[in-house]
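What follows is the content of coords-v6.pdb (PDB, C-alpha atoms).
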```pdb
ATOM      1  CA  ARG A 179      -9.199  29.587  -4.082  1.00  0.00           C
ATOM      2  CA  ARG A 180      -5.559  30.485  -3.323  1.00  0.00           C
ATOM      3  CA  GLN A 181      -6.262  30.360   0.406  1.00  0.00           C
ATOM      4  CA  GLU A 182      -7.792  26.882   0.027  1.00  0.00           C
ATOM      5  CA  GLN A 183      -4.651  25.691  -1.750  1.00  0.00           C
ATOM      6  CA  LEU A 184      -2.427  27.084   0.997  1.00  0.00           C
ATOM      7  CA  LEU A 185      -4.540  25.399   3.670  1.00  0.00           C
ATOM      8  CA  GLN A 186      -4.402  22.101   1.754  1.00  0.00           C
ATOM      9  CA  GLN A 187      -0.596  22.381   1.494  1.00  0.00           C
ATOM     10  CA  LYS A 188      -0.339  22.983   5.238  1.00  0.00           C
ATOM     11  CA  ASP A 189      -2.640  20.014   5.891  1.00  0.00           C
ATOM     12  CA  ASN A 190      -0.414  17.847   3.690  1.00  0.00           C
ATOM     13  CA  ILE A 191       2.700  18.942   5.589  1.00  0.00           C
ATOM     14  CA  LEU A 192       1.071  18.206   8.941  1.00  0.00           C
ATOM     15  CA  GLU A 193      -0.059  14.797   7.721  1.00  0.00           C
ATOM     16  CA  ASP A 194       3.465  13.989   6.503  1.00  0.00           C
ATOM     17  CA  LEU A 195       4.731  14.774   9.995  1.00  0.00           C
ATOM     18  CA  GLY A 196       2.100  12.520  11.529  1.00  0.00           C
ATOM     19  CA  VAL A 197       2.210   8.776  11.962  1.00  0.00           C
ATOM     20  CA  LEU A 198      -1.285   7.891  10.750  1.00  0.00           C
ATOM     21  CA  SER A 199      -3.176   9.233   7.769  1.00  0.00           C
ATOM     22  CA  ARG A 200      -6.355  11.035   8.735  1.00  0.00           C
ATOM     23  CA  THR A 201      -8.109   9.692   5.637  1.00  0.00           C
ATOM     24  CA  THR A 202      -7.191   6.012   5.814  1.00  0.00           C
ATOM     25  CA  GLY A 203      -6.035   5.412   9.389  1.00  0.00           C
ATOM     26  CA  VAL A 204      -2.879   3.589   8.232  1.00  0.00           C
ATOM     27  CA  PHE A 205       0.729   4.762   8.433  1.00  0.00           C
ATOM     28  CA  THR A 206       1.665   7.799   6.372  1.00  0.00           C
ATOM     29  CA  THR A 207       4.250   7.318   3.624  1.00  0.00           C
ATOM     30  CA  SER A 208       7.006   9.003   5.616  1.00  0.00           C
ATOM     31  CA  HIS A 209       6.380   6.852   8.702  1.00  0.00           C
ATOM     32  CA  LEU A 210       5.973   3.689   6.628  1.00  0.00           C
ATOM     33  CA  LEU A 211       9.318   4.237   4.880  1.00  0.00           C
ATOM     34  CA  LYS A 212      11.029   4.718   8.261  1.00  0.00           C
ATOM     35  CA  ALA A 213       9.369   1.539   9.548  1.00  0.00           C
ATOM     36  CA  ILE A 214      10.471  -0.411   6.454  1.00  0.00           C
ATOM     37  CA  GLU A 215      14.031   0.820   6.944  1.00  0.00           C
ATOM     38  CA  ALA A 216      14.028  -0.211  10.624  1.00  0.00           C
ATOM     39  CA  ALA A 217      12.443  -3.612   9.918  1.00  0.00           C
ATOM     40  CA  PHE A 218      14.925  -4.259   7.118  1.00  0.00           C
ATOM     41  CA  SER A 219      17.814  -3.437   9.443  1.00  0.00           C
ATOM     42  CA  ASN A 220      16.420  -5.859  12.045  1.00  0.00           C
ATOM     43  CA  TRP A 221      15.887  -8.499   9.372  1.00  0.00           C
ATOM     44  CA  GLN A 222      19.516  -8.236   8.232  1.00  0.00           C
ATOM     45  CA  GLN A 223      20.623  -9.057  11.782  1.00  0.00           C
ATOM     46  CA  GLN A 224      18.388 -12.143  12.084  1.00  0.00           C
ATOM     47  CA  ALA A 225      19.511 -15.293  10.305  1.00  0.00           C
ATOM     48  CA  ASN A 226      17.006 -17.619   8.650  1.00  0.00           C
ATOM     49  CA  ASP A 227      14.082 -15.231   8.801  1.00  0.00           C
ATOM     50  CA  SER A 228      11.844 -13.975   6.007  1.00  0.00           C
ATOM     51  CA  LEU A 229      10.721 -10.488   5.051  1.00  0.00           C
ATOM     52  CA  CYS A 230       8.424  -9.536   2.180  1.00  0.00           C
ATOM     53  CA  LEU A 231       6.802  -6.360   0.924  1.00  0.00           C
ATOM     54  CA  LEU A 232       3.563  -5.954  -1.003  1.00  0.00           C
ATOM     55  CA  THR A 233       2.740  -2.799  -2.942  1.00  0.00           C
ATOM     56  CA  ILE A 234      -0.880  -2.337  -3.910  1.00  0.00           C
ATOM     57  CA  GLN A 235      -2.286  -0.020  -6.539  1.00  0.00           C
ATOM     58  CA  ILE A 236      -5.934   0.392  -7.403  1.00  0.00           C
ATOM     59  CA  ASP A 237      -6.286   1.188 -11.101  1.00  0.00           C
ATOM     60  CA  GLY A 238      -9.408   3.158 -11.877  1.00  0.00           C
ATOM     61  CA  LEU A 239      -9.235   5.116  -8.614  1.00  0.00           C
ATOM     62  CA  GLN A 240      -7.368   8.420  -8.451  1.00  0.00           C
ATOM     63  CA  TYR A 241      -6.932  10.067  -5.074  1.00  0.00           C
ATOM     64  CA  ASP A 242      -8.769  13.375  -4.799  1.00  0.00           C
ATOM     65  CA  PRO A 243      -8.617  15.060  -1.377  1.00  0.00           C
ATOM     66  CA  SER A 244     -11.646  17.211  -2.205  1.00  0.00           C
ATOM     67  CA  ASN A 245     -13.914  14.278  -3.088  1.00  0.00           C
ATOM     68  CA  ALA A 246     -15.567  12.619  -0.078  1.00  0.00           C
ATOM     69  CA  ALA A 247     -16.610   9.500  -2.051  1.00  0.00           C
ATOM     70  CA  ILE A 248     -13.058   8.901  -3.263  1.00  0.00           C
ATOM     71  CA  GLN A 249     -11.683   9.443   0.250  1.00  0.00           C
ATOM     72  CA  ALA A 250     -14.241   6.940   1.578  1.00  0.00           C
ATOM     73  CA  ALA A 251     -13.183   4.385  -1.069  1.00  0.00           C
ATOM     74  CA  PHE A 252      -9.522   4.775  -0.056  1.00  0.00           C
ATOM     75  CA  ALA A 253     -10.492   4.429   3.615  1.00  0.00           C
ATOM     76  CA  ASP A 254     -12.450   1.251   2.787  1.00  0.00           C
ATOM     77  CA  ILE A 255      -9.474  -0.199   0.926  1.00  0.00           C
ATOM     78  CA  ALA A 256      -7.163   0.594   3.856  1.00  0.00           C
ATOM     79  CA  ARG A 257      -9.608  -1.093   6.249  1.00  0.00           C
ATOM     80  CA  ILE A 258      -9.747  -4.198   4.062  1.00  0.00           C
ATOM     81  CA  ILE A 259      -5.958  -4.364   3.920  1.00  0.00           C
ATOM     82  CA  LYS A 260      -5.676  -3.959   7.706  1.00  0.00           C
ATOM     83  CA  ASP A 261      -8.339  -6.633   8.237  1.00  0.00           C
ATOM     84  CA  CYS A 262      -6.434  -9.103   6.032  1.00  0.00           C
ATOM     85  CA  ALA A 263      -3.030  -8.350   7.565  1.00  0.00           C
ATOM     86  CA  ARG A 264      -1.696  -9.758  10.809  1.00  0.00           C
ATOM     87  CA  ASP A 265      -1.001  -7.571  13.834  1.00  0.00           C
ATOM     88  CA  SER A 266       2.738  -7.890  13.163  1.00  0.00           C
ATOM     89  CA  ASP A 267       2.377  -6.591   9.576  1.00  0.00           C
ATOM     90  CA  LEU A 268       2.830  -2.894   8.852  1.00  0.00           C
ATOM     91  CA  VAL A 269       0.203  -1.300   6.601  1.00  0.00           C
ATOM     92  CA  GLY A 270       0.602   2.171   5.165  1.00  0.00           C
ATOM     93  CA  GLU A 271       0.008   4.545   2.331  1.00  0.00           C
ATOM     94  CA  LEU A 272       2.758   4.586  -0.255  1.00  0.00           C
ATOM     95  CA  PHE A 273       3.101   7.877  -2.042  1.00  0.00           C
ATOM     96  CA  VAL A 274      -0.236   9.280  -3.150  1.00  0.00           C
ATOM     97  CA  SER A 275      -2.435   6.452  -4.365  1.00  0.00           C
ATOM     98  CA  LYS A 276      -0.762   3.200  -3.361  1.00  0.00           C
ATOM     99  CA  PHE A 277      -0.594   1.088  -0.245  1.00  0.00           C
ATOM    100  CA  ALA A 278       2.167  -1.145   1.089  1.00  0.00           C
ATOM    101  CA  VAL A 279       2.224  -4.024   3.527  1.00  0.00           C
ATOM    102  CA  LEU A 280       5.497  -5.020   5.166  1.00  0.00           C
ATOM    103  CA  LEU A 281       5.399  -8.694   6.120  1.00  0.00           C
ATOM    104  CA  PRO A 282       7.990  -9.662   8.731  1.00  0.00           C
ATOM    105  CA  HIS A 283       8.494 -13.404   9.285  1.00  0.00           C
ATOM    106  CA  THR A 284       6.713 -14.120   5.986  1.00  0.00           C
ATOM    107  CA  ALA A 285       8.079 -16.100   3.054  1.00  0.00           C
ATOM    108  CA  ILE A 286       7.119 -15.326  -0.536  1.00  0.00           C
ATOM    109  CA  ARG A 287       4.451 -18.052  -0.489  1.00  0.00           C
ATOM    110  CA  GLY A 288       2.676 -16.338   2.417  1.00  0.00           C
ATOM    111  CA  ALA A 289       2.986 -12.965   0.665  1.00  0.00           C
ATOM    112  CA  ARG A 290       1.335 -14.395  -2.457  1.00  0.00           C
ATOM    113  CA  ALA A 291      -1.488 -15.848  -0.367  1.00  0.00           C
ATOM    114  CA  LEU A 292      -2.068 -12.461   1.285  1.00  0.00           C
ATOM    115  CA  ALA A 293      -1.994 -10.711  -2.105  1.00  0.00           C
ATOM    116  CA  LYS A 294      -4.689 -13.059  -3.396  1.00  0.00           C
ATOM    117  CA  ARG A 295      -6.828 -12.633  -0.257  1.00  0.00           C
ATOM    118  CA  LEU A 296      -6.502  -8.817  -0.385  1.00  0.00           C
ATOM    119  CA  THR A 297      -7.424  -8.705  -4.030  1.00  0.00           C
ATOM    120  CA  GLU A 298     -10.472 -10.865  -3.620  1.00  0.00           C
ATOM    121  CA  ARG A 299     -11.707  -8.840  -0.638  1.00  0.00           C
ATOM    122  CA  ILE A 300     -11.148  -5.477  -2.364  1.00  0.00           C
ATOM    123  CA  MET A 301     -12.912  -6.648  -5.532  1.00  0.00           C
ATOM    124  CA  GLN A 302     -15.846  -8.006  -3.492  1.00  0.00           C
ATOM    125  CA  ALA A 303     -16.228  -4.701  -1.617  1.00  0.00           C
ATOM    126  CA  HIS A 304     -18.132  -3.020  -4.489  1.00  0.00           C
ATOM    127  CA  LEU A 305     -16.518   0.349  -3.821  1.00  0.00           C
ATOM    128  CA  LYS A 306     -18.517   3.420  -4.733  1.00  0.00           C
ATOM    129  CA  GLY A 307     -17.257   6.618  -6.291  1.00  0.00           C
ATOM    130  CA  PRO A 308     -18.969   9.954  -6.863  1.00  0.00           C
ATOM    131  CA  ASP A 309     -20.839   8.563  -9.897  1.00  0.00           C
ATOM    132  CA  GLY A 310     -21.705   5.107  -8.592  1.00  0.00           C
ATOM    133  CA  PRO A 311     -19.816   1.809  -8.470  1.00  0.00           C
ATOM    134  CA  LEU A 312     -16.112   1.998  -9.274  1.00  0.00           C
ATOM    135  CA  ASP A 313     -14.691  -0.091 -12.109  1.00  0.00           C
ATOM    136  CA  ILE A 314     -11.293  -0.954 -10.668  1.00  0.00           C
ATOM    137  CA  GLN A 315      -8.406  -3.362 -11.026  1.00  0.00           C
ATOM    138  CA  VAL A 316      -6.145  -4.345  -8.153  1.00  0.00           C
ATOM    139  CA  LEU A 317      -2.440  -4.494  -8.999  1.00  0.00           C
ATOM    140  CA  VAL A 318      -0.079  -6.104  -6.510  1.00  0.00           C
ATOM    141  CA  GLY A 319       3.705  -6.077  -6.472  1.00  0.00           C
ATOM    142  CA  ILE A 320       5.466  -8.664  -4.323  1.00  0.00           C
ATOM    143  CA  ALA A 321       9.093  -8.675  -3.219  1.00  0.00           C
ATOM    144  CA  ASP A 322      11.214 -10.892  -0.999  1.00  0.00           C
ATOM    145  CA  ALA A 323      14.093  -9.251   0.850  1.00  0.00           C
ATOM    146  CA  THR A 324      16.489 -12.067  -0.025  1.00  0.00           C
ATOM    147  CA  ASP A 325      19.538 -10.652  -1.827  1.00  0.00           C
ATOM    148  CA  CYS A 326      18.429  -7.046  -1.257  1.00  0.00           C
ATOM    149  CA  PRO A 327      21.414  -5.018  -0.041  1.00  0.00           C
ATOM    150  CA  HIS A 328      19.224  -2.299   1.516  1.00  0.00           C
ATOM    151  CA  TYR A 329      15.595  -1.450   2.142  1.00  0.00           C
ATOM    152  CA  GLU A 330      15.383   0.769  -0.937  1.00  0.00           C
ATOM    153  CA  ALA A 331      16.166  -2.282  -3.083  1.00  0.00           C
ATOM    154  CA  LEU A 332      13.276  -4.169  -1.449  1.00  0.00           C
ATOM    155  CA  LEU A 333      10.925  -1.270  -2.178  1.00  0.00           C
ATOM    156  CA  GLU A 334      12.188  -0.936  -5.741  1.00  0.00           C
ATOM    157  CA  ARG A 335      11.826  -4.687  -6.321  1.00  0.00           C
ATOM    158  CA  SER A 336       8.205  -4.552  -5.157  1.00  0.00           C
ATOM    159  CA  LEU A 337       7.423  -1.486  -7.269  1.00  0.00           C
ATOM    160  CA  ASN A 338       9.076  -3.110 -10.314  1.00  0.00           C
ATOM    161  CA  ASP A 339       6.899  -6.164  -9.807  1.00  0.00           C
ATOM    162  CA  LEU A 340       3.892  -3.849  -9.612  1.00  0.00           C
ATOM    163  CA  ARG A 341       4.941  -2.170 -12.861  1.00  0.00           C
ATOM    164  CA  GLN A 342       5.260  -5.551 -14.557  1.00  0.00           C
ATOM    165  CA  HIS A 343       1.543  -5.881 -13.955  1.00  0.00           C
ATOM    166  CA  THR A 344       1.068  -8.630 -11.448  1.00  0.00           C
ATOM    167  CA  VAL A 345      -2.496  -8.113 -12.529  1.00  0.00           C
ATOM    168  CA  VAL A 346      -5.397  -9.113 -10.423  1.00  0.00           C
ATOM    169  CA  SER A 347      -8.779  -8.210 -11.809  1.00  0.00           C
ATOM    170  CA  ALA A 348     -12.366  -9.108 -11.031  1.00  0.00           C
ATOM    171  CA  ASN A 349     -12.468 -11.943 -13.570  1.00  0.00           C
ATOM    172  CA  ASN A 350      -8.847 -12.980 -13.739  1.00  0.00           C
ATOM    173  CA  ILE A 351      -6.496 -13.542 -10.820  1.00  0.00           C
ATOM    174  CA  HIS A 352      -2.836 -14.111 -11.666  1.00  0.00           C
ATOM    175  CA  ILE A 353      -0.278 -13.787  -8.921  1.00  0.00           C
ATOM    176  CA  ILE A 354       3.131 -14.877 -10.134  1.00  0.00           C
TER
END
```

Go through the file and emit its structure as structure tokens.
Amino acid sequence: RRQEQLLQQKDNILEDLGVLSRTTGVFTTSHLLKAIEAAFSNWQQQANDSLCLLTIQIDGLQYDPSNAAIQAAFADIARIIKDCARDSDLVGELFVSKFAVLLPHTAIRGARALAKRLTERIMQAHLKGPDGPLDIQVLVGIADATDCPHYEALLERSLNDLRQHTVVSANNIHII
């Protein structure tokens, strides 16, 4: 058991050093944060352009690296997000059980439209867990870079919006 834990820790370190997650195929958190920082810096230098960030959390789904069904559900969610995003958008894991989508050249209206499309597609996917269908809720935080002094403020704004429960559920879609 101890050896398994050590191997898992080493796997986690190697994944953090990598660009893409082996489980989901999207950017790792460390690479995503670097990409957000670089994109924000570029955005600050370009007048009259838009930049938004979505943070996505799936309530009812806890990441478990030892559970193949849960890993498959996370991989399916990542695929759905990538399918809904444009080629110019950056999709990645955010921390352990969230995703983020950086939307260059996108105003808040476009970010809201993407959030709605993502939510509908994820809810229609009928994700399966180890004990059958998953009962989930999709939570989406949306932030516009306007008036953000640095990229951390953009991330914090999006996470705060997520915490304020921009709730999107199977029966009730509210994106503010």

Check: Could you name the residues that touch region 302-308 of chain A at 6 Å or less, counting all atoms listed in the file, but leaving out those on the same chain fewer than 4 positions away, as a list in words?
Finding: Ala247, Ile248, Ala251 and Leu312 of chain A

Next item on the list: Name the residues in contact with Ser228 (chain A) at a cut-off of 9 Å, using all atoms listed in the file, excluding same-chain residues fewer than 5 positions from it; report them as JSON, numbers by chain.
Entry: {"A": [221, 281, 282, 283, 284, 285, 286, 322, 323, 324]}

Next, write the just-selected residues to a file, as a CSV table (one decimal), in the coordinates of the input, keeping C-alpha atoms as the atom set.
```csv
chain,number,residue,atom,x,y,z
A,221,TRP,CA,15.9,-8.5,9.4
A,281,LEU,CA,5.4,-8.7,6.1
A,282,PRO,CA,8.0,-9.7,8.7
A,283,HIS,CA,8.5,-13.4,9.3
A,284,THR,CA,6.7,-14.1,6.0
A,285,ALA,CA,8.1,-16.1,3.1
A,286,ILE,CA,7.1,-15.3,-0.5
A,322,ASP,CA,11.2,-10.9,-1.0
A,323,ALA,CA,14.1,-9.3,0.8
A,324,THR,CA,16.5,-12.1,0.0
```

Margin query: Just to confirm, what's the straight-line distance from CA of Leu340 (chain A) to CA of Val316 (chain A) in Å (one decimal)?
Written below: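 One can read the CA of Leu340 (chain A) to CA of Val316 (chain A) distance as 10.2 Å.
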
Notebook entry, point to check: If we count all atoms listed in the file, what is near Val269 (chain A) at a cut-off of 9 Å, once residues fewer than 4 positions away on the same chain are taken out, given as an NGL selection string?
Noted result: :A and (204-205 or 210 or 256 or 259-260 or 263 or 277-280)

Margin query: Please compute the CA of Lys276 (chain A)-CA of Ile236 (chain A) distance, one decimal, in Å.
Written below: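 Computing the Euclidean distance for CA of Lys276 (chain A) and CA of Ile236 (chain A) yields 7.1 Å.
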
Checklist line | CA of Ser208 (chain A) to CA of Gln187 (chain A), distance in Å rounded to a single decimal | finding: 15.9 Å

Next item on the list: Could you tell me which of A:Ala217, A:Leu232, A:Cys262, A:Leu239 comes closest to Asp313 (chain A) if we count all atoms listed in the file?
Entry: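 Nearest to Asp313 (chain A): A:Leu239.
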
Notebook entry, point to check: Which one of A:Ser266, A:Thr297, A:Gln342, A:Ser244 sits closest to Thr201 (chain A) if you count all atoms listed in the file?
Noted result: A:Ser244

Centre and size of axis-aligned box enclosing region 299-309 of chain A plus 8 Å each side, as JSON:
```
{"center_x": -16.0, "center_y": 0.6, "center_z": -5.3, "size_x": 25.7, "size_y": 34.8, "size_z": 25.3}
```

Note to self: Here is a test: counting all atoms listed in the file, which residue of A:Thr233, A:Gln224, A:Thr206, A:Gln240 is nearest to Ile314 (chain A)?
What the structure shows: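 Closest candidate: A:Gln240.
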
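Using all atoms listed in the file, the smallest distance between any of A:Ile234, A:Ala216, A:Leu268, A:Ala250 and Gln315 (chain A) comes from A:Ile234.
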
Margin query: Report as a PyMOL selection string all protein, DNA and RNA residues lying within 9 Å of Ile320 (chain A), evaluated on only C-alpha atoms, omitting residues in the same chain fewer than 4 positions from it.
Written below: chain A and resi 230-234+286+289-290+293+335-340+344+353-354

Take the residues just selected and output them with C-alpha atoms as an mmCIF file, in the coordinates of the input.
```cif
data_model
loop_
_atom_site.group_PDB
_atom_site.id
_atom_site.type_symbol
_atom_site.label_atom_id
_atom_site.label_comp_id
_atom_site.auth_asym_id
_atom_site.auth_seq_id
_atom_site.Cartn_x
_atom_site.Cartn_y
_atom_site.Cartn_z
ATOM 1 C CA CYS A 230 8.424 -9.536 2.180
ATOM 2 C CA LEU A 231 6.802 -6.360 0.924
ATOM 3 C CA LEU A 232 3.563 -5.954 -1.003
ATOM 4 C CA THR A 233 2.740 -2.799 -2.942
ATOM 5 C CA ILE A 234 -0.880 -2.337 -3.910
ATOM 6 C CA ILE A 286 7.119 -15.326 -0.536
ATOM 7 C CA ALA A 289 2.986 -12.965 0.665
ATOM 8 C CA ARG A 290 1.335 -14.395 -2.457
ATOM 9 C CA ALA A 293 -1.994 -10.711 -2.105
ATOM 10 C CA ARG A 335 11.826 -4.687 -6.321
ATOM 11 C CA SER A 336 8.205 -4.552 -5.157
ATOM 12 C CA LEU A 337 7.423 -1.486 -7.269
ATOM 13 C CA ASN A 338 9.076 -3.110 -10.314
ATOM 14 C CA ASP A 339 6.899 -6.164 -9.807
ATOM 15 C CA LEU A 340 3.892 -3.849 -9.612
ATOM 16 C CA THR A 344 1.068 -8.630 -11.448
ATOM 17 C CA ILE A 353 -0.278 -13.787 -8.921
ATOM 18 C CA ILE A 354 3.131 -14.877 -10.134
#
```

Note to self: Between A:His209, A:Arg180, A:Lys294, A:His328, which residue has the minimum interatomic distance to Leu272 (chain A), considering only C-alpha atoms?
What the structure shows: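 Nearest to Leu272 (chain A): A:His209.
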
Since the input lacks some atoms of region 197-221 of chain A, please model N, CA, C and O atoms and print them as a PDB file, keeping the file's coordinate frame.
```pdb
ATOM      1  N   VAL A 197       1.951  10.202  12.094  1.00  0.00           N
ATOM      2  CA  VAL A 197       2.210   8.776  11.962  1.00  0.00           C
ATOM      3  C   VAL A 197       1.096   8.104  11.168  1.00  0.00           C
ATOM      4  O   VAL A 197       1.347   7.274  10.319  1.00  0.00           O
ATOM      5  N   LEU A 198      -0.139   8.496  11.427  1.00  0.00           N
ATOM      6  CA  LEU A 198      -1.285   7.891  10.750  1.00  0.00           C
ATOM      7  C   LEU A 198      -1.974   8.896   9.838  1.00  0.00           C
ATOM      8  O   LEU A 198      -2.128  10.070  10.182  1.00  0.00           O
ATOM      9  N   SER A 199      -2.419   8.408   8.698  1.00  0.00           N
ATOM     10  CA  SER A 199      -3.176   9.233   7.769  1.00  0.00           C
ATOM     11  C   SER A 199      -4.562   9.491   8.343  1.00  0.00           C
ATOM     12  O   SER A 199      -5.219   8.578   8.839  1.00  0.00           O
ATOM     13  N   ARG A 200      -5.007  10.712   8.257  1.00  0.00           N
ATOM     14  CA  ARG A 200      -6.355  11.035   8.735  1.00  0.00           C
ATOM     15  C   ARG A 200      -7.427  10.423   7.848  1.00  0.00           C
ATOM     16  O   ARG A 200      -8.513  10.092   8.302  1.00  0.00           O
ATOM     17  N   THR A 201      -7.131  10.242   6.575  1.00  0.00           N
ATOM     18  CA  THR A 201      -8.109   9.692   5.637  1.00  0.00           C
ATOM     19  C   THR A 201      -8.268   8.188   5.795  1.00  0.00           C
ATOM     20  O   THR A 201      -9.377   7.678   5.856  1.00  0.00           O
ATOM     21  N   THR A 202      -7.138   7.472   5.859  1.00  0.00           N
ATOM     22  CA  THR A 202      -7.191   6.012   5.814  1.00  0.00           C
ATOM     23  C   THR A 202      -6.949   5.325   7.155  1.00  0.00           C
ATOM     24  O   THR A 202      -7.280   4.153   7.316  1.00  0.00           O
ATOM     25  N   GLY A 203      -6.318   6.014   8.091  1.00  0.00           N
ATOM     26  CA  GLY A 203      -6.035   5.412   9.389  1.00  0.00           C
ATOM     27  C   GLY A 203      -4.845   4.470   9.388  1.00  0.00           C
ATOM     28  O   GLY A 203      -4.596   3.784  10.375  1.00  0.00           O
ATOM     29  N   VAL A 204      -4.102   4.404   8.284  1.00  0.00           N
ATOM     30  CA  VAL A 204      -2.879   3.589   8.232  1.00  0.00           C
ATOM     31  C   VAL A 204      -1.672   4.522   8.259  1.00  0.00           C
ATOM     32  O   VAL A 204      -1.809   5.733   8.181  1.00  0.00           O
ATOM     33  N   PHE A 205      -0.483   3.943   8.362  1.00  0.00           N
ATOM     34  CA  PHE A 205       0.729   4.762   8.433  1.00  0.00           C
ATOM     35  C   PHE A 205       0.849   5.689   7.223  1.00  0.00           C
ATOM     36  O   PHE A 205       0.497   5.308   6.109  1.00  0.00           O
ATOM     37  N   THR A 206       1.358   6.882   7.472  1.00  0.00           N
ATOM     38  CA  THR A 206       1.665   7.799   6.372  1.00  0.00           C
ATOM     39  C   THR A 206       2.887   7.261   5.625  1.00  0.00           C
ATOM     40  O   THR A 206       3.628   6.421   6.141  1.00  0.00           O
ATOM     41  N   THR A 207       3.109   7.754   4.423  1.00  0.00           N
ATOM     42  CA  THR A 207       4.250   7.318   3.624  1.00  0.00           C
ATOM     43  C   THR A 207       5.553   7.544   4.367  1.00  0.00           C
ATOM     44  O   THR A 207       6.399   6.639   4.426  1.00  0.00           O
ATOM     45  N   SER A 208       5.737   8.717   4.951  1.00  0.00           N
ATOM     46  CA  SER A 208       7.006   9.003   5.616  1.00  0.00           C
ATOM     47  C   SER A 208       7.241   8.054   6.786  1.00  0.00           C
ATOM     48  O   SER A 208       8.342   7.529   6.961  1.00  0.00           O
ATOM     49  N   HIS A 209       6.213   7.770   7.575  1.00  0.00           N
ATOM     50  CA  HIS A 209       6.380   6.852   8.702  1.00  0.00           C
ATOM     51  C   HIS A 209       6.571   5.415   8.203  1.00  0.00           C
ATOM     52  O   HIS A 209       7.385   4.666   8.750  1.00  0.00           O
ATOM     53  N   LEU A 210       5.841   5.036   7.176  1.00  0.00           N
ATOM     54  CA  LEU A 210       5.973   3.689   6.628  1.00  0.00           C
ATOM     55  C   LEU A 210       7.396   3.450   6.126  1.00  0.00           C
ATOM     56  O   LEU A 210       7.983   2.398   6.395  1.00  0.00           O
ATOM     57  N   LEU A 211       7.960   4.402   5.400  1.00  0.00           N
ATOM     58  CA  LEU A 211       9.318   4.237   4.880  1.00  0.00           C
ATOM     59  C   LEU A 211      10.333   4.099   6.013  1.00  0.00           C
ATOM     60  O   LEU A 211      11.261   3.288   5.932  1.00  0.00           O
ATOM     61  N   LYS A 212      10.143   4.859   7.086  1.00  0.00           N
ATOM     62  CA  LYS A 212      11.029   4.718   8.261  1.00  0.00           C
ATOM     63  C   LYS A 212      10.862   3.339   8.894  1.00  0.00           C
ATOM     64  O   LYS A 212      11.839   2.709   9.305  1.00  0.00           O
ATOM     65  N   ALA A 213       9.634   2.857   8.969  1.00  0.00           N
ATOM     66  CA  ALA A 213       9.369   1.539   9.548  1.00  0.00           C
ATOM     67  C   ALA A 213       9.961   0.429   8.681  1.00  0.00           C
ATOM     68  O   ALA A 213      10.502  -0.551   9.207  1.00  0.00           O
ATOM     69  N   ILE A 214       9.878   0.576   7.363  1.00  0.00           N
ATOM     70  CA  ILE A 214      10.471  -0.411   6.454  1.00  0.00           C
ATOM     71  C   ILE A 214      11.984  -0.432   6.644  1.00  0.00           C
ATOM     72  O   ILE A 214      12.595  -1.503   6.725  1.00  0.00           O
ATOM     73  N   GLU A 215      12.582   0.738   6.741  1.00  0.00           N
ATOM     74  CA  GLU A 215      14.031   0.820   6.944  1.00  0.00           C
ATOM     75  C   GLU A 215      14.439   0.128   8.246  1.00  0.00           C
ATOM     76  O   GLU A 215      15.390  -0.665   8.283  1.00  0.00           O
ATOM     77  N   ALA A 216      13.708   0.398   9.325  1.00  0.00           N
ATOM     78  CA  ALA A 216      14.028  -0.211  10.624  1.00  0.00           C
ATOM     79  C   ALA A 216      13.815  -1.727  10.588  1.00  0.00           C
ATOM     80  O   ALA A 216      14.657  -2.490  11.085  1.00  0.00           O
ATOM     81  N   ALA A 217      12.726  -2.178  10.000  1.00  0.00           N
ATOM     82  CA  ALA A 217      12.443  -3.612   9.918  1.00  0.00           C
ATOM     83  C   ALA A 217      13.487  -4.325   9.060  1.00  0.00           C
ATOM     84  O   ALA A 217      13.915  -5.438   9.378  1.00  0.00           O
ATOM     85  N   PHE A 218      13.910  -3.665   7.983  1.00  0.00           N
ATOM     86  CA  PHE A 218      14.925  -4.259   7.118  1.00  0.00           C
ATOM     87  C   PHE A 218      16.246  -4.402   7.872  1.00  0.00           C
ATOM     88  O   PHE A 218      16.916  -5.432   7.782  1.00  0.00           O
ATOM     89  N   SER A 219      16.591  -3.378   8.634  1.00  0.00           N
ATOM     90  CA  SER A 219      17.814  -3.437   9.443  1.00  0.00           C
ATOM     91  C   SER A 219      17.744  -4.589  10.449  1.00  0.00           C
ATOM     92  O   SER A 219      18.711  -5.348  10.609  1.00  0.00           O
ATOM     93  N   ASN A 220      16.611  -4.740  11.109  1.00  0.00           N
ATOM     94  CA  ASN A 220      16.420  -5.859  12.045  1.00  0.00           C
ATOM     95  C   ASN A 220      16.498  -7.199  11.320  1.00  0.00           C
ATOM     96  O   ASN A 220      17.095  -8.155  11.821  1.00  0.00           O
ATOM     97  N   TRP A 221      15.889  -7.271  10.157  1.00  0.00           N
ATOM     98  CA  TRP A 221      15.887  -8.499   9.372  1.00  0.00           C
ATOM     99  C   TRP A 221      17.313  -8.906   8.993  1.00  0.00           C
ATOM    100  O   TRP A 221      17.656 -10.087   9.042  1.00  0.00           O
TER     101      TRP A 221
END
```
